[in-house]
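To start, the structure itself, in structure tokens.
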Amino acid sequence: YLNTGDSNGSEWVPPECDVSIRPGWFWHKNETPKAVDELLHIYYTSVGRNCVLLLNVPPNSTGLISEPDVNRLTEFRSAVTTIFSANLAEGAVAKGSSQRGGRSGGFLAANVLADDPQSYWAPADSDEDPWIELRLEKPAEFNVVRIQEAITLGQRIIKHEVYVKFTSVEQDERGLTKGERVANGTTVGYKRLHRLGRVVRAQAVWVRVTEARGPPLISSIGLHFDPYSKSQIS
């Protein structure tokens, strides 16, 4: 039950991912800490999937943290900062499929770019196909898409998709920017990180919620460049 959770539960309890920086839980002289690439993979598959990461760093036989482990922690922290310190979606124009309360309701699509966890975009309760789109000032190169829900009001998104438009902004009959699906997933919760596996050069990003428990409440969307990912520009 604790490993799977309860989709109909009344309490939000984040899962905890316990992982050691070394091959085992305890320090051994003949072992070395995991590489930065491996630690980043762990980060994306824990923190990036709505979980809490507990990274075990065992003391050595003198009761201290070994210098190689300290150095690896410093490198890991530096890598995470490098990836997420800049949001390439900053300055974009946000548009939603609808907005709760209309233009004066306060639940603007632009709230997802406000860097304020207390604000969020909320579609109208009657919106059966909620989506939000970010149109960038100019094409940007990124390989990570970050989505966050207003978790204080519950985890609502069940399934979602992410699309990008690579060149000029072309709209369909609904006013949406046409593009290619680059990611899809289930839970978002506090944070969902999509590592695309390739660098895309795009001018618009569209996040579509295909299934949810009530109107989805999205507090933040970010586009980031991960220089540590072995991916090519497309």
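Within each chain, counting starts at residue 1; across the structure tokens, chains are named A, B, ... in the order shown, with ligands numbered 1 upward in that order.
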Item to complete: Skip range 130-144 of chain A itself and residues of its chain fewer than 3 positions away, then list as a list in words all residues within 6 Å of it, counting only C-alpha atoms.
Response: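 In the requested format, the answer is Ala92, Val93, Ala94, Lys95, Gly96, Ser97, Asp127, His194, Arg195, Leu196, Arg198, Val199, Val200, Arg201, Ala202, Gln203, Ala204, Val205, Trp206, Val207, Arg208, Val209, Leu223, His224 and Phe225 of chain A.
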Tell me, as a PDB file with N, CA and C atoms, in the first residue's frame, which residues lie within 12 Å of Gly189 in chain A, counting only C-alpha atoms; anything in the same chain fewer than 5 positions away does not count.
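Generated file (result-v6.pdb):
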```pdb
ATOM      1  N   TRP A  12      -2.273  13.987   1.121  1.00  0.00           N
ATOM      2  CA  TRP A  12      -1.141  13.948   0.190  1.00  0.00           C
ATOM      3  C   TRP A  12       0.125  13.626   0.977  1.00  0.00           C
ATOM      4  N   VAL A  13       0.741  12.495   0.692  1.00  0.00           N
ATOM      5  CA  VAL A  13       1.958  12.087   1.381  1.00  0.00           C
ATOM      6  C   VAL A  13       3.041  11.831   0.335  1.00  0.00           C
ATOM      7  N   PRO A  14       4.057  12.684   0.262  1.00  0.00           N
ATOM      8  CA  PRO A  14       5.091  12.494  -0.767  1.00  0.00           C
ATOM      9  C   PRO A  14       5.934  11.258  -0.489  1.00  0.00           C
ATOM     10  N   PRO A  15       6.222  10.458  -1.496  1.00  0.00           N
ATOM     11  CA  PRO A  15       7.089   9.293  -1.304  1.00  0.00           C
ATOM     12  C   PRO A  15       8.531   9.725  -1.072  1.00  0.00           C
ATOM     13  N   VAL A  47      13.120  13.433  -7.339  1.00  0.00           N
ATOM     14  CA  VAL A  47      12.594  14.803  -7.234  1.00  0.00           C
ATOM     15  C   VAL A  47      11.760  15.147  -8.463  1.00  0.00           C
ATOM     16  N   GLY A  48      12.227  14.704  -9.620  1.00  0.00           N
ATOM     17  CA  GLY A  48      11.530  14.986 -10.873  1.00  0.00           C
ATOM     18  C   GLY A  48      10.266  14.182 -11.075  1.00  0.00           C
ATOM     19  N   ARG A  49       9.955  13.293 -10.137  1.00  0.00           N
ATOM     20  CA  ARG A  49       8.721  12.509 -10.203  1.00  0.00           C
ATOM     21  C   ARG A  49       7.925  12.648  -8.908  1.00  0.00           C
ATOM     22  N   ASN A  50       7.979  13.882  -8.353  1.00  0.00           N
ATOM     23  CA  ASN A  50       7.096  14.201  -7.227  1.00  0.00           C
ATOM     24  C   ASN A  50       7.496  13.470  -5.949  1.00  0.00           C
ATOM     25  N   CYS A  51       8.798  13.192  -5.788  1.00  0.00           N
ATOM     26  CA  CYS A  51       9.271  12.477  -4.609  1.00  0.00           C
ATOM     27  C   CYS A  51      10.274  13.317  -3.828  1.00  0.00           C
ATOM     28  N   VAL A  52      10.579  12.863  -2.630  1.00  0.00           N
ATOM     29  CA  VAL A  52      11.623  13.465  -1.808  1.00  0.00           C
ATOM     30  C   VAL A  52      12.853  12.564  -1.883  1.00  0.00           C
ATOM     31  N   ARG A 146       9.804  21.567 -16.903  1.00  0.00           N
ATOM     32  CA  ARG A 146       9.381  21.441 -15.500  1.00  0.00           C
ATOM     33  C   ARG A 146       7.928  21.899 -15.357  1.00  0.00           C
ATOM     34  N   ILE A 147       7.118  21.096 -14.657  1.00  0.00           N
ATOM     35  CA  ILE A 147       5.721  21.431 -14.384  1.00  0.00           C
ATOM     36  C   ILE A 147       5.471  21.228 -12.895  1.00  0.00           C
ATOM     37  N   GLN A 148       4.759  22.182 -12.268  1.00  0.00           N
ATOM     38  CA  GLN A 148       4.446  22.072 -10.853  1.00  0.00           C
ATOM     39  C   GLN A 148       2.988  22.443 -10.600  1.00  0.00           C
ATOM     40  N   GLU A 149       2.339  21.661  -9.733  1.00  0.00           N
ATOM     41  CA  GLU A 149       0.972  21.960  -9.338  1.00  0.00           C
ATOM     42  C   GLU A 149       0.957  22.812  -8.065  1.00  0.00           C
ATOM     43  N   ALA A 150      -0.157  23.496  -7.836  1.00  0.00           N
ATOM     44  CA  ALA A 150      -0.380  24.210  -6.580  1.00  0.00           C
ATOM     45  C   ALA A 150      -0.750  23.171  -5.532  1.00  0.00           C
ATOM     46  N   ILE A 151       0.265  22.547  -4.968  1.00  0.00           N
ATOM     47  CA  ILE A 151       0.073  21.325  -4.202  1.00  0.00           C
ATOM     48  C   ILE A 151      -0.687  21.548  -2.909  1.00  0.00           C
ATOM     49  N   THR A 152      -0.711  22.775  -2.382  1.00  0.00           N
ATOM     50  CA  THR A 152      -1.464  23.028  -1.150  1.00  0.00           C
ATOM     51  C   THR A 152      -2.959  22.814  -1.352  1.00  0.00           C
ATOM     52  N   LEU A 153      -3.394  22.802  -2.614  1.00  0.00           N
ATOM     53  CA  LEU A 153      -4.801  22.573  -2.928  1.00  0.00           C
ATOM     54  C   LEU A 153      -5.039  21.180  -3.506  1.00  0.00           C
ATOM     55  N   GLY A 154      -4.042  20.324  -3.372  1.00  0.00           N
ATOM     56  CA  GLY A 154      -4.222  18.931  -3.774  1.00  0.00           C
ATOM     57  C   GLY A 154      -3.524  18.576  -5.073  1.00  0.00           C
ATOM     58  N   GLN A 155      -3.255  17.306  -5.216  1.00  0.00           N
ATOM     59  CA  GLN A 155      -2.634  16.753  -6.424  1.00  0.00           C
ATOM     60  C   GLN A 155      -3.756  16.304  -7.336  1.00  0.00           C
ATOM     61  N   ARG A 156      -3.877  16.934  -8.506  1.00  0.00           N
ATOM     62  CA  ARG A 156      -5.053  16.721  -9.336  1.00  0.00           C
ATOM     63  C   ARG A 156      -4.766  16.061 -10.686  1.00  0.00           C
ATOM     64  N   ILE A 157      -3.639  16.382 -11.289  1.00  0.00           N
ATOM     65  CA  ILE A 157      -3.353  15.895 -12.640  1.00  0.00           C
ATOM     66  C   ILE A 157      -3.107  14.385 -12.625  1.00  0.00           C
ATOM     67  N   ILE A 158      -3.790  13.686 -13.516  1.00  0.00           N
ATOM     68  CA  ILE A 158      -3.623  12.237 -13.659  1.00  0.00           C
ATOM     69  C   ILE A 158      -2.788  11.909 -14.900  1.00  0.00           C
ATOM     70  N   LYS A 159      -3.063  12.619 -16.019  1.00  0.00           N
ATOM     71  CA  LYS A 159      -2.296  12.426 -17.247  1.00  0.00           C
ATOM     72  C   LYS A 159      -2.088  13.774 -17.929  1.00  0.00           C
ATOM     73  N   HIS A 160      -0.937  13.919 -18.590  1.00  0.00           N
ATOM     74  CA  HIS A 160      -0.648  15.173 -19.291  1.00  0.00           C
ATOM     75  C   HIS A 160       0.296  14.917 -20.456  1.00  0.00           C
ATOM     76  N   ALA A 212      -7.753  14.560 -15.141  1.00  0.00           N
ATOM     77  CA  ALA A 212      -7.483  15.164 -13.842  1.00  0.00           C
ATOM     78  C   ALA A 212      -8.654  14.958 -12.896  1.00  0.00           C
ATOM     79  N   PRO A 216      -7.278  21.294 -13.061  1.00  0.00           N
ATOM     80  CA  PRO A 216      -5.861  21.315 -12.684  1.00  0.00           C
ATOM     81  C   PRO A 216      -5.431  22.721 -12.280  1.00  0.00           C
ATOM     82  N   LEU A 217      -4.582  22.809 -11.286  1.00  0.00           N
ATOM     83  CA  LEU A 217      -4.073  24.089 -10.794  1.00  0.00           C
ATOM     84  C   LEU A 217      -2.561  24.078 -10.955  1.00  0.00           C
ATOM     85  N   ILE A 218      -2.053  24.773 -11.958  1.00  0.00           N
ATOM     86  CA  ILE A 218      -0.622  24.745 -12.275  1.00  0.00           C
ATOM     87  C   ILE A 218       0.035  26.019 -11.761  1.00  0.00           C
ATOM     88  N   SER A 219       1.024  25.846 -10.897  1.00  0.00           N
ATOM     89  CA  SER A 219       1.681  26.999 -10.272  1.00  0.00           C
ATOM     90  C   SER A 219       2.933  27.447 -11.009  1.00  0.00           C
ATOM     91  N   SER A 220       3.576  26.524 -11.746  1.00  0.00           N
ATOM     92  CA  SER A 220       4.827  26.909 -12.399  1.00  0.00           C
ATOM     93  C   SER A 220       5.137  25.990 -13.580  1.00  0.00           C
TER      94      SER A 220
END
```
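Residue neighbourhood of Pro227 in chain A, excluding near-sequence residues (fewer than 5 positions): Ala79, Thr82, Ile83 and Asn143 of chain A, at 9 Å, using only C-alpha atoms.
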Residue selection dump (all heavy atoms) as an mmCIF file, in the first residue's frame:
```cif
data_model
loop_
_atom_site.group_PDB
_atom_site.id
_atom_site.type_symbol
_atom_site.label_atom_id
_atom_site.label_comp_id
_atom_site.auth_asym_id
_atom_site.auth_seq_id
_atom_site.Cartn_x
_atom_site.Cartn_y
_atom_site.Cartn_z
ATOM 1 N N ALA A 79 25.882 20.985 -10.421
ATOM 2 C CA ALA A 79 25.179 20.557 -11.636
ATOM 3 C C ALA A 79 23.699 20.919 -11.565
ATOM 4 O O ALA A 79 23.120 21.437 -12.530
ATOM 5 C CB ALA A 79 25.345 19.055 -11.842
ATOM 6 N N THR A 82 23.339 24.625 -12.026
ATOM 7 C CA THR A 82 23.588 25.001 -13.419
ATOM 8 C C THR A 82 22.359 24.758 -14.281
ATOM 9 O O THR A 82 21.992 25.587 -15.118
ATOM 10 C CB THR A 82 24.779 24.199 -13.979
ATOM 11 O OG1 THR A 82 25.959 24.546 -13.254
ATOM 12 C CG2 THR A 82 24.999 24.490 -15.459
ATOM 13 N N ILE A 83 21.685 23.644 -14.072
ATOM 14 C CA ILE A 83 20.524 23.279 -14.895
ATOM 15 C C ILE A 83 19.322 24.167 -14.601
ATOM 16 O O ILE A 83 18.659 24.667 -15.525
ATOM 17 C CB ILE A 83 20.155 21.800 -14.676
ATOM 18 C CG1 ILE A 83 21.297 20.893 -15.142
ATOM 19 C CG2 ILE A 83 18.868 21.447 -15.435
ATOM 20 C CD1 ILE A 83 21.156 19.460 -14.667
ATOM 21 N N ASN A 143 16.213 21.111 -22.993
ATOM 22 C CA ASN A 143 15.995 19.662 -22.987
ATOM 23 C C ASN A 143 15.329 19.174 -21.704
ATOM 24 O O ASN A 143 15.270 17.971 -21.449
ATOM 25 C CB ASN A 143 17.304 18.906 -23.242
ATOM 26 C CG ASN A 143 18.417 19.325 -22.302
ATOM 27 O OD1 ASN A 143 18.215 20.106 -21.375
ATOM 28 N ND2 ASN A 143 19.617 18.815 -22.549
#
```
Fill in: Length of the CA of Gly5 in chain A to CA of Gly185 in chain A vector [Å]
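Between these atoms lies a distance of 17.2 Å.
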Worksheet item: Any idea what's packed within 8 Å of Asn111 in chain A, counting only C-alpha atoms, ignoring anything in its chain fewer than 4 positions away? Could you give it as a PyMOL selection string?
Response: chain A and resi 107+115-116+119-121+219-220
Just all heavy atoms for this one: save the residues we selected as a PDB file, in the first residue's frame.
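Once written, part_8.pdb looks like this:
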```
ATOM      1  N   PHE A 107      -6.760  34.158 -11.661  1.00  0.00           N
ATOM      2  CA  PHE A 107      -6.104  32.872 -11.933  1.00  0.00           C
ATOM      3  C   PHE A 107      -5.507  32.879 -13.336  1.00  0.00           C
ATOM      4  O   PHE A 107      -5.768  31.999 -14.153  1.00  0.00           O
ATOM      5  CB  PHE A 107      -7.103  31.726 -11.748  1.00  0.00           C
ATOM      6  CG  PHE A 107      -7.706  31.687 -10.379  1.00  0.00           C
ATOM      7  CD1 PHE A 107      -8.991  32.166 -10.154  1.00  0.00           C
ATOM      8  CD2 PHE A 107      -6.979  31.202  -9.308  1.00  0.00           C
ATOM      9  CE1 PHE A 107      -9.549  32.135  -8.888  1.00  0.00           C
ATOM     10  CE2 PHE A 107      -7.521  31.170  -8.026  1.00  0.00           C
ATOM     11  CZ  PHE A 107      -8.810  31.643  -7.813  1.00  0.00           C
ATOM     12  N   ASP A 115       6.972  32.957 -10.502  1.00  0.00           N
ATOM     13  CA  ASP A 115       7.920  32.541  -9.470  1.00  0.00           C
ATOM     14  C   ASP A 115       7.335  32.749  -8.075  1.00  0.00           C
ATOM     15  O   ASP A 115       8.023  33.181  -7.151  1.00  0.00           O
ATOM     16  CB  ASP A 115       9.245  33.285  -9.628  1.00  0.00           C
ATOM     17  CG  ASP A 115      10.380  32.612  -8.855  1.00  0.00           C
ATOM     18  OD1 ASP A 115      10.288  31.390  -8.644  1.00  0.00           O
ATOM     19  OD2 ASP A 115      11.330  33.305  -8.461  1.00  0.00           O
ATOM     20  N   ASP A 116       6.044  32.481  -7.942  1.00  0.00           N
ATOM     21  CA  ASP A 116       5.345  32.634  -6.668  1.00  0.00           C
ATOM     22  C   ASP A 116       4.527  31.372  -6.424  1.00  0.00           C
ATOM     23  O   ASP A 116       3.519  31.145  -7.100  1.00  0.00           O
ATOM     24  CB  ASP A 116       4.421  33.855  -6.709  1.00  0.00           C
ATOM     25  CG  ASP A 116       3.634  34.040  -5.425  1.00  0.00           C
ATOM     26  OD1 ASP A 116       3.826  33.249  -4.478  1.00  0.00           O
ATOM     27  OD2 ASP A 116       2.823  34.987  -5.364  1.00  0.00           O
ATOM     28  N   SER A 119       0.658  31.538  -6.181  1.00  0.00           N
ATOM     29  CA  SER A 119      -0.193  31.880  -7.320  1.00  0.00           C
ATOM     30  C   SER A 119      -0.215  30.716  -8.303  1.00  0.00           C
ATOM     31  O   SER A 119       0.710  29.910  -8.355  1.00  0.00           O
ATOM     32  CB  SER A 119       0.303  33.152  -8.014  1.00  0.00           C
ATOM     33  OG  SER A 119       1.549  32.931  -8.634  1.00  0.00           O
ATOM     34  N   TYR A 120      -1.268  30.634  -9.105  1.00  0.00           N
ATOM     35  CA  TYR A 120      -1.392  29.525 -10.039  1.00  0.00           C
ATOM     36  C   TYR A 120      -2.424  29.860 -11.113  1.00  0.00           C
ATOM     37  O   TYR A 120      -3.235  30.780 -10.957  1.00  0.00           O
ATOM     38  CB  TYR A 120      -1.790  28.232  -9.308  1.00  0.00           C
ATOM     39  CG  TYR A 120      -3.025  28.352  -8.441  1.00  0.00           C
ATOM     40  CD1 TYR A 120      -4.310  28.124  -8.956  1.00  0.00           C
ATOM     41  CD2 TYR A 120      -2.917  28.710  -7.101  1.00  0.00           C
ATOM     42  CE1 TYR A 120      -5.441  28.237  -8.167  1.00  0.00           C
ATOM     43  CE2 TYR A 120      -4.047  28.829  -6.296  1.00  0.00           C
ATOM     44  CZ  TYR A 120      -5.306  28.589  -6.830  1.00  0.00           C
ATOM     45  OH  TYR A 120      -6.423  28.711  -6.047  1.00  0.00           O
ATOM     46  N   TRP A 121      -2.349  29.090 -12.200  1.00  0.00           N
ATOM     47  CA  TRP A 121      -3.362  29.175 -13.252  1.00  0.00           C
ATOM     48  C   TRP A 121      -4.433  28.137 -12.979  1.00  0.00           C
ATOM     49  O   TRP A 121      -4.132  26.983 -12.657  1.00  0.00           O
ATOM     50  CB  TRP A 121      -2.742  28.916 -14.623  1.00  0.00           C
ATOM     51  CG  TRP A 121      -3.775  28.662 -15.691  1.00  0.00           C
ATOM     52  CD1 TRP A 121      -4.640  29.573 -16.224  1.00  0.00           C
ATOM     53  CD2 TRP A 121      -4.064  27.409 -16.331  1.00  0.00           C
ATOM     54  NE1 TRP A 121      -5.451  28.978 -17.161  1.00  0.00           N
ATOM     55  CE2 TRP A 121      -5.121  27.647 -17.254  1.00  0.00           C
ATOM     56  CE3 TRP A 121      -3.538  26.132 -16.226  1.00  0.00           C
ATOM     57  CZ2 TRP A 121      -5.648  26.643 -18.058  1.00  0.00           C
ATOM     58  CZ3 TRP A 121      -4.065  25.126 -17.012  1.00  0.00           C
ATOM     59  CH2 TRP A 121      -5.107  25.388 -17.932  1.00  0.00           C
ATOM     60  N   SER A 219       1.024  25.846 -10.897  1.00  0.00           N
ATOM     61  CA  SER A 219       1.681  26.999 -10.272  1.00  0.00           C
ATOM     62  C   SER A 219       2.933  27.447 -11.009  1.00  0.00           C
ATOM     63  O   SER A 219       3.327  28.610 -10.920  1.00  0.00           O
ATOM     64  CB  SER A 219       2.049  26.674  -8.818  1.00  0.00           C
ATOM     65  OG  SER A 219       3.005  25.631  -8.759  1.00  0.00           O
ATOM     66  N   SER A 220       3.576  26.524 -11.746  1.00  0.00           N
ATOM     67  CA  SER A 220       4.827  26.909 -12.399  1.00  0.00           C
ATOM     68  C   SER A 220       5.137  25.990 -13.580  1.00  0.00           C
ATOM     69  O   SER A 220       4.884  24.780 -13.512  1.00  0.00           O
ATOM     70  CB  SER A 220       5.995  26.860 -11.401  1.00  0.00           C
ATOM     71  OG  SER A 220       7.200  27.308 -11.987  1.00  0.00           O
TER      72      SER A 220
END
```
Worksheet item: Nearest to Leu39 in chain A: which of A:Ser78, A:Ser98, A:Ser126, A:Ser61 is it, counting only C-alpha atoms?
Response: A:Ser78
Worksheet item: From the set A:Gly197, A:Val162, A:Asp69, A:Arg213, which residue has the shortest atom-to-atom contact distance to Ala183 in chain A, counting only C-alpha atoms?
Response: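 With only C-alpha atoms as the atom set, the closest residue is A:Val162.
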Practice prompt. Quick one: everything within 12 Å of Glu75 in chain A, counting only C-alpha atoms, minus sequence neighbours fewer than 3 positions away in the same chain. Send it as a PyMOL selection string.
Written response: chain A and resi 33-37+39-40+68-72+78-82+228
Same residues, N, CA, C and O atoms, saved as a CSV table (one decimal), in the first residue's frame:
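Just written: again_23.csv:
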```csv
chain,number,residue,atom,x,y,z
A,33,PRO,N,32.2,7.0,-4.8
A,33,PRO,CA,30.9,7.5,-5.0
A,33,PRO,C,30.4,7.5,-6.4
A,33,PRO,O,31.2,7.4,-7.3
A,34,LYS,N,29.1,7.5,-6.5
A,34,LYS,CA,28.5,7.5,-7.8
A,34,LYS,C,28.9,8.7,-8.6
A,34,LYS,O,29.1,9.8,-8.1
A,35,ALA,N,28.9,8.6,-10.0
A,35,ALA,CA,29.3,9.7,-10.9
A,35,ALA,C,28.1,10.7,-10.9
A,35,ALA,O,27.0,10.4,-10.6
A,36,VAL,N,28.5,11.9,-11.3
A,36,VAL,CA,27.5,13.0,-11.3
A,36,VAL,C,26.3,12.6,-12.3
A,36,VAL,O,25.2,12.9,-12.0
A,37,ASP,N,26.6,12.0,-13.4
A,37,ASP,CA,25.6,11.6,-14.4
A,37,ASP,C,24.6,10.7,-13.7
A,37,ASP,O,23.4,10.8,-13.9
A,39,LEU,N,24.0,10.4,-10.4
A,39,LEU,CA,23.3,11.2,-9.4
A,39,LEU,C,22.2,12.1,-10.0
A,39,LEU,O,21.1,12.2,-9.5
A,40,LEU,N,22.5,12.6,-11.2
A,40,LEU,CA,21.5,13.4,-11.9
A,40,LEU,C,20.3,12.6,-12.3
A,40,LEU,O,19.1,13.0,-12.3
A,68,PRO,N,36.4,12.3,-1.2
A,68,PRO,CA,35.8,12.0,-2.5
A,68,PRO,C,34.3,12.2,-2.5
A,68,PRO,O,33.7,12.7,-3.5
A,69,ASP,N,33.6,11.9,-1.4
A,69,ASP,CA,32.2,12.0,-1.3
A,69,ASP,C,31.8,13.5,-1.2
A,69,ASP,O,30.9,14.0,-1.8
A,70,VAL,N,32.6,14.3,-0.4
A,70,VAL,CA,32.4,15.7,-0.3
A,70,VAL,C,32.5,16.4,-1.6
A,70,VAL,O,31.7,17.2,-2.0
A,71,ASN,N,33.6,16.0,-2.4
A,71,ASN,CA,33.8,16.6,-3.7
A,71,ASN,C,32.6,16.2,-4.7
A,71,ASN,O,32.2,17.1,-5.4
A,72,ARG,N,32.1,15.0,-4.6
A,72,ARG,CA,31.1,14.6,-5.4
A,72,ARG,C,29.8,15.3,-5.1
A,72,ARG,O,29.0,15.7,-6.0
A,78,SER,N,26.4,21.7,-7.8
A,78,SER,CA,26.8,22.6,-8.8
A,78,SER,C,26.0,22.3,-10.1
A,78,SER,O,25.5,23.2,-10.8
A,79,ALA,N,25.9,21.0,-10.4
A,79,ALA,CA,25.2,20.6,-11.6
A,79,ALA,C,23.7,20.9,-11.6
A,79,ALA,O,23.1,21.4,-12.5
A,80,VAL,N,23.1,20.7,-10.4
A,80,VAL,CA,21.6,21.0,-10.3
A,80,VAL,C,21.4,22.5,-10.4
A,80,VAL,O,20.5,23.0,-11.1
A,81,THR,N,22.3,23.3,-9.8
A,81,THR,CA,22.2,24.7,-9.9
A,81,THR,C,22.4,25.2,-11.3
A,81,THR,O,21.6,26.1,-11.8
A,82,THR,N,23.3,24.6,-12.0
A,82,THR,CA,23.6,25.0,-13.4
A,82,THR,C,22.4,24.8,-14.3
A,82,THR,O,22.0,25.6,-15.1
A,228,TYR,N,24.6,18.5,-19.1
A,228,TYR,CA,25.2,17.2,-18.7
A,228,TYR,C,24.5,16.0,-19.5
A,228,TYR,O,25.0,14.9,-19.4
```
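Atom pair CA of Gly106 in chain A / CA of Ala122 in chain A has a distance of 9.0 Å (rounded to one decimal).
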Worksheet entry | All strand (DSSP E or B) positions in range 36-182 of chain A, as a PyMOL selection string | chain A and resi 49+52-56+93-96+121+131-149+157-165+171+177+180-182
Just write the chosen residues, C-alpha atoms, as an mmCIF file, in the first residue's frame.
```
data_model
loop_
_atom_site.group_PDB
_atom_site.id
_atom_site.type_symbol
_atom_site.label_atom_id
_atom_site.label_comp_id
_atom_site.auth_asym_id
_atom_site.auth_seq_id
_atom_site.Cartn_x
_atom_site.Cartn_y
_atom_site.Cartn_z
ATOM 1 C CA ARG A 49 8.721 12.509 -10.203
ATOM 2 C CA VAL A 52 11.623 13.465 -1.808
ATOM 3 C CA LEU A 53 15.243 12.372 -2.287
ATOM 4 C CA LEU A 54 17.135 11.205 0.785
ATOM 5 C CA LEU A 55 20.752 10.820 -0.333
ATOM 6 C CA ASN A 56 22.752 8.731 2.127
ATOM 7 C CA VAL A 93 3.459 35.063 -23.192
ATOM 8 C CA ALA A 94 1.194 32.565 -21.425
ATOM 9 C CA LYS A 95 -2.230 31.619 -22.746
ATOM 10 C CA GLY A 96 -4.727 29.196 -21.246
ATOM 11 C CA TRP A 121 -3.362 29.175 -13.252
ATOM 12 C CA TRP A 131 -4.252 23.402 -21.698
ATOM 13 C CA ILE A 132 -1.719 26.153 -21.236
ATOM 14 C CA GLU A 133 0.705 27.481 -23.807
ATOM 15 C CA LEU A 134 3.912 29.508 -23.508
ATOM 16 C CA ARG A 135 5.005 31.531 -26.529
ATOM 17 C CA LEU A 136 8.639 32.567 -26.200
ATOM 18 C CA GLU A 137 10.017 35.926 -27.291
ATOM 19 C CA LYS A 138 12.460 34.056 -29.524
ATOM 20 C CA PRO A 139 13.364 30.390 -30.126
ATOM 21 C CA ALA A 140 15.187 28.763 -27.214
ATOM 22 C CA GLU A 141 17.192 25.567 -26.856
ATOM 23 C CA PHE A 142 16.198 23.333 -23.944
ATOM 24 C CA ASN A 143 15.995 19.662 -22.987
ATOM 25 C CA VAL A 144 14.107 19.773 -19.684
ATOM 26 C CA VAL A 145 10.477 20.787 -19.087
ATOM 27 C CA ARG A 146 9.381 21.441 -15.500
ATOM 28 C CA ILE A 147 5.721 21.431 -14.384
ATOM 29 C CA GLN A 148 4.446 22.072 -10.853
ATOM 30 C CA GLU A 149 0.972 21.960 -9.338
ATOM 31 C CA ILE A 157 -3.353 15.895 -12.640
ATOM 32 C CA ILE A 158 -3.623 12.237 -13.659
ATOM 33 C CA LYS A 159 -2.296 12.426 -17.247
ATOM 34 C CA HIS A 160 -0.648 15.173 -19.291
ATOM 35 C CA GLU A 161 1.229 15.820 -22.536
ATOM 36 C CA VAL A 162 3.880 18.331 -23.634
ATOM 37 C CA TYR A 163 4.169 19.683 -27.183
ATOM 38 C CA VAL A 164 6.685 22.052 -28.785
ATOM 39 C CA LYS A 165 6.669 24.169 -31.930
ATOM 40 C CA GLN A 171 -2.054 28.266 -34.962
ATOM 41 C CA THR A 177 0.301 26.525 -31.658
ATOM 42 C CA GLU A 180 5.180 17.855 -31.907
ATOM 43 C CA ARG A 181 4.616 15.904 -28.727
ATOM 44 C CA VAL A 182 7.924 15.552 -26.887
#
```
Worksheet item: Which one of A:Leu108, A:Val188, A:Ile42, A:Ile221 sits closest to Glu90 in chain A if you count only C-alpha atoms?
Response: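 Nearest to Glu90 in chain A: A:Ile221.
Among A:Asn184, A:Thr210, A:Gly101, A:Phe166, the residue with the shortest atom-to-atom distance to Asp129 in chain A, counting only C-alpha atoms, is A:Thr210.
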Discussion item. Which residue is closest to Thr187 in chain A? Choose from A:Ser66, A:Gln118, A:Glu11, A:Glu211 and count only C-alpha atoms.
Written reply: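 For Thr187 in chain A, the nearest of the candidates is A:Glu211.
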Discussion item. Using DSSP assignments from the backbone, pull out every residue in range 28-205 of chain A that falls under helix (DSSP H, G or I) and give it to me as a VMD selection string.
Written reply: chain A and resid 36 to 44 67 to 84 102 to 104 109 to 113 151 to 153
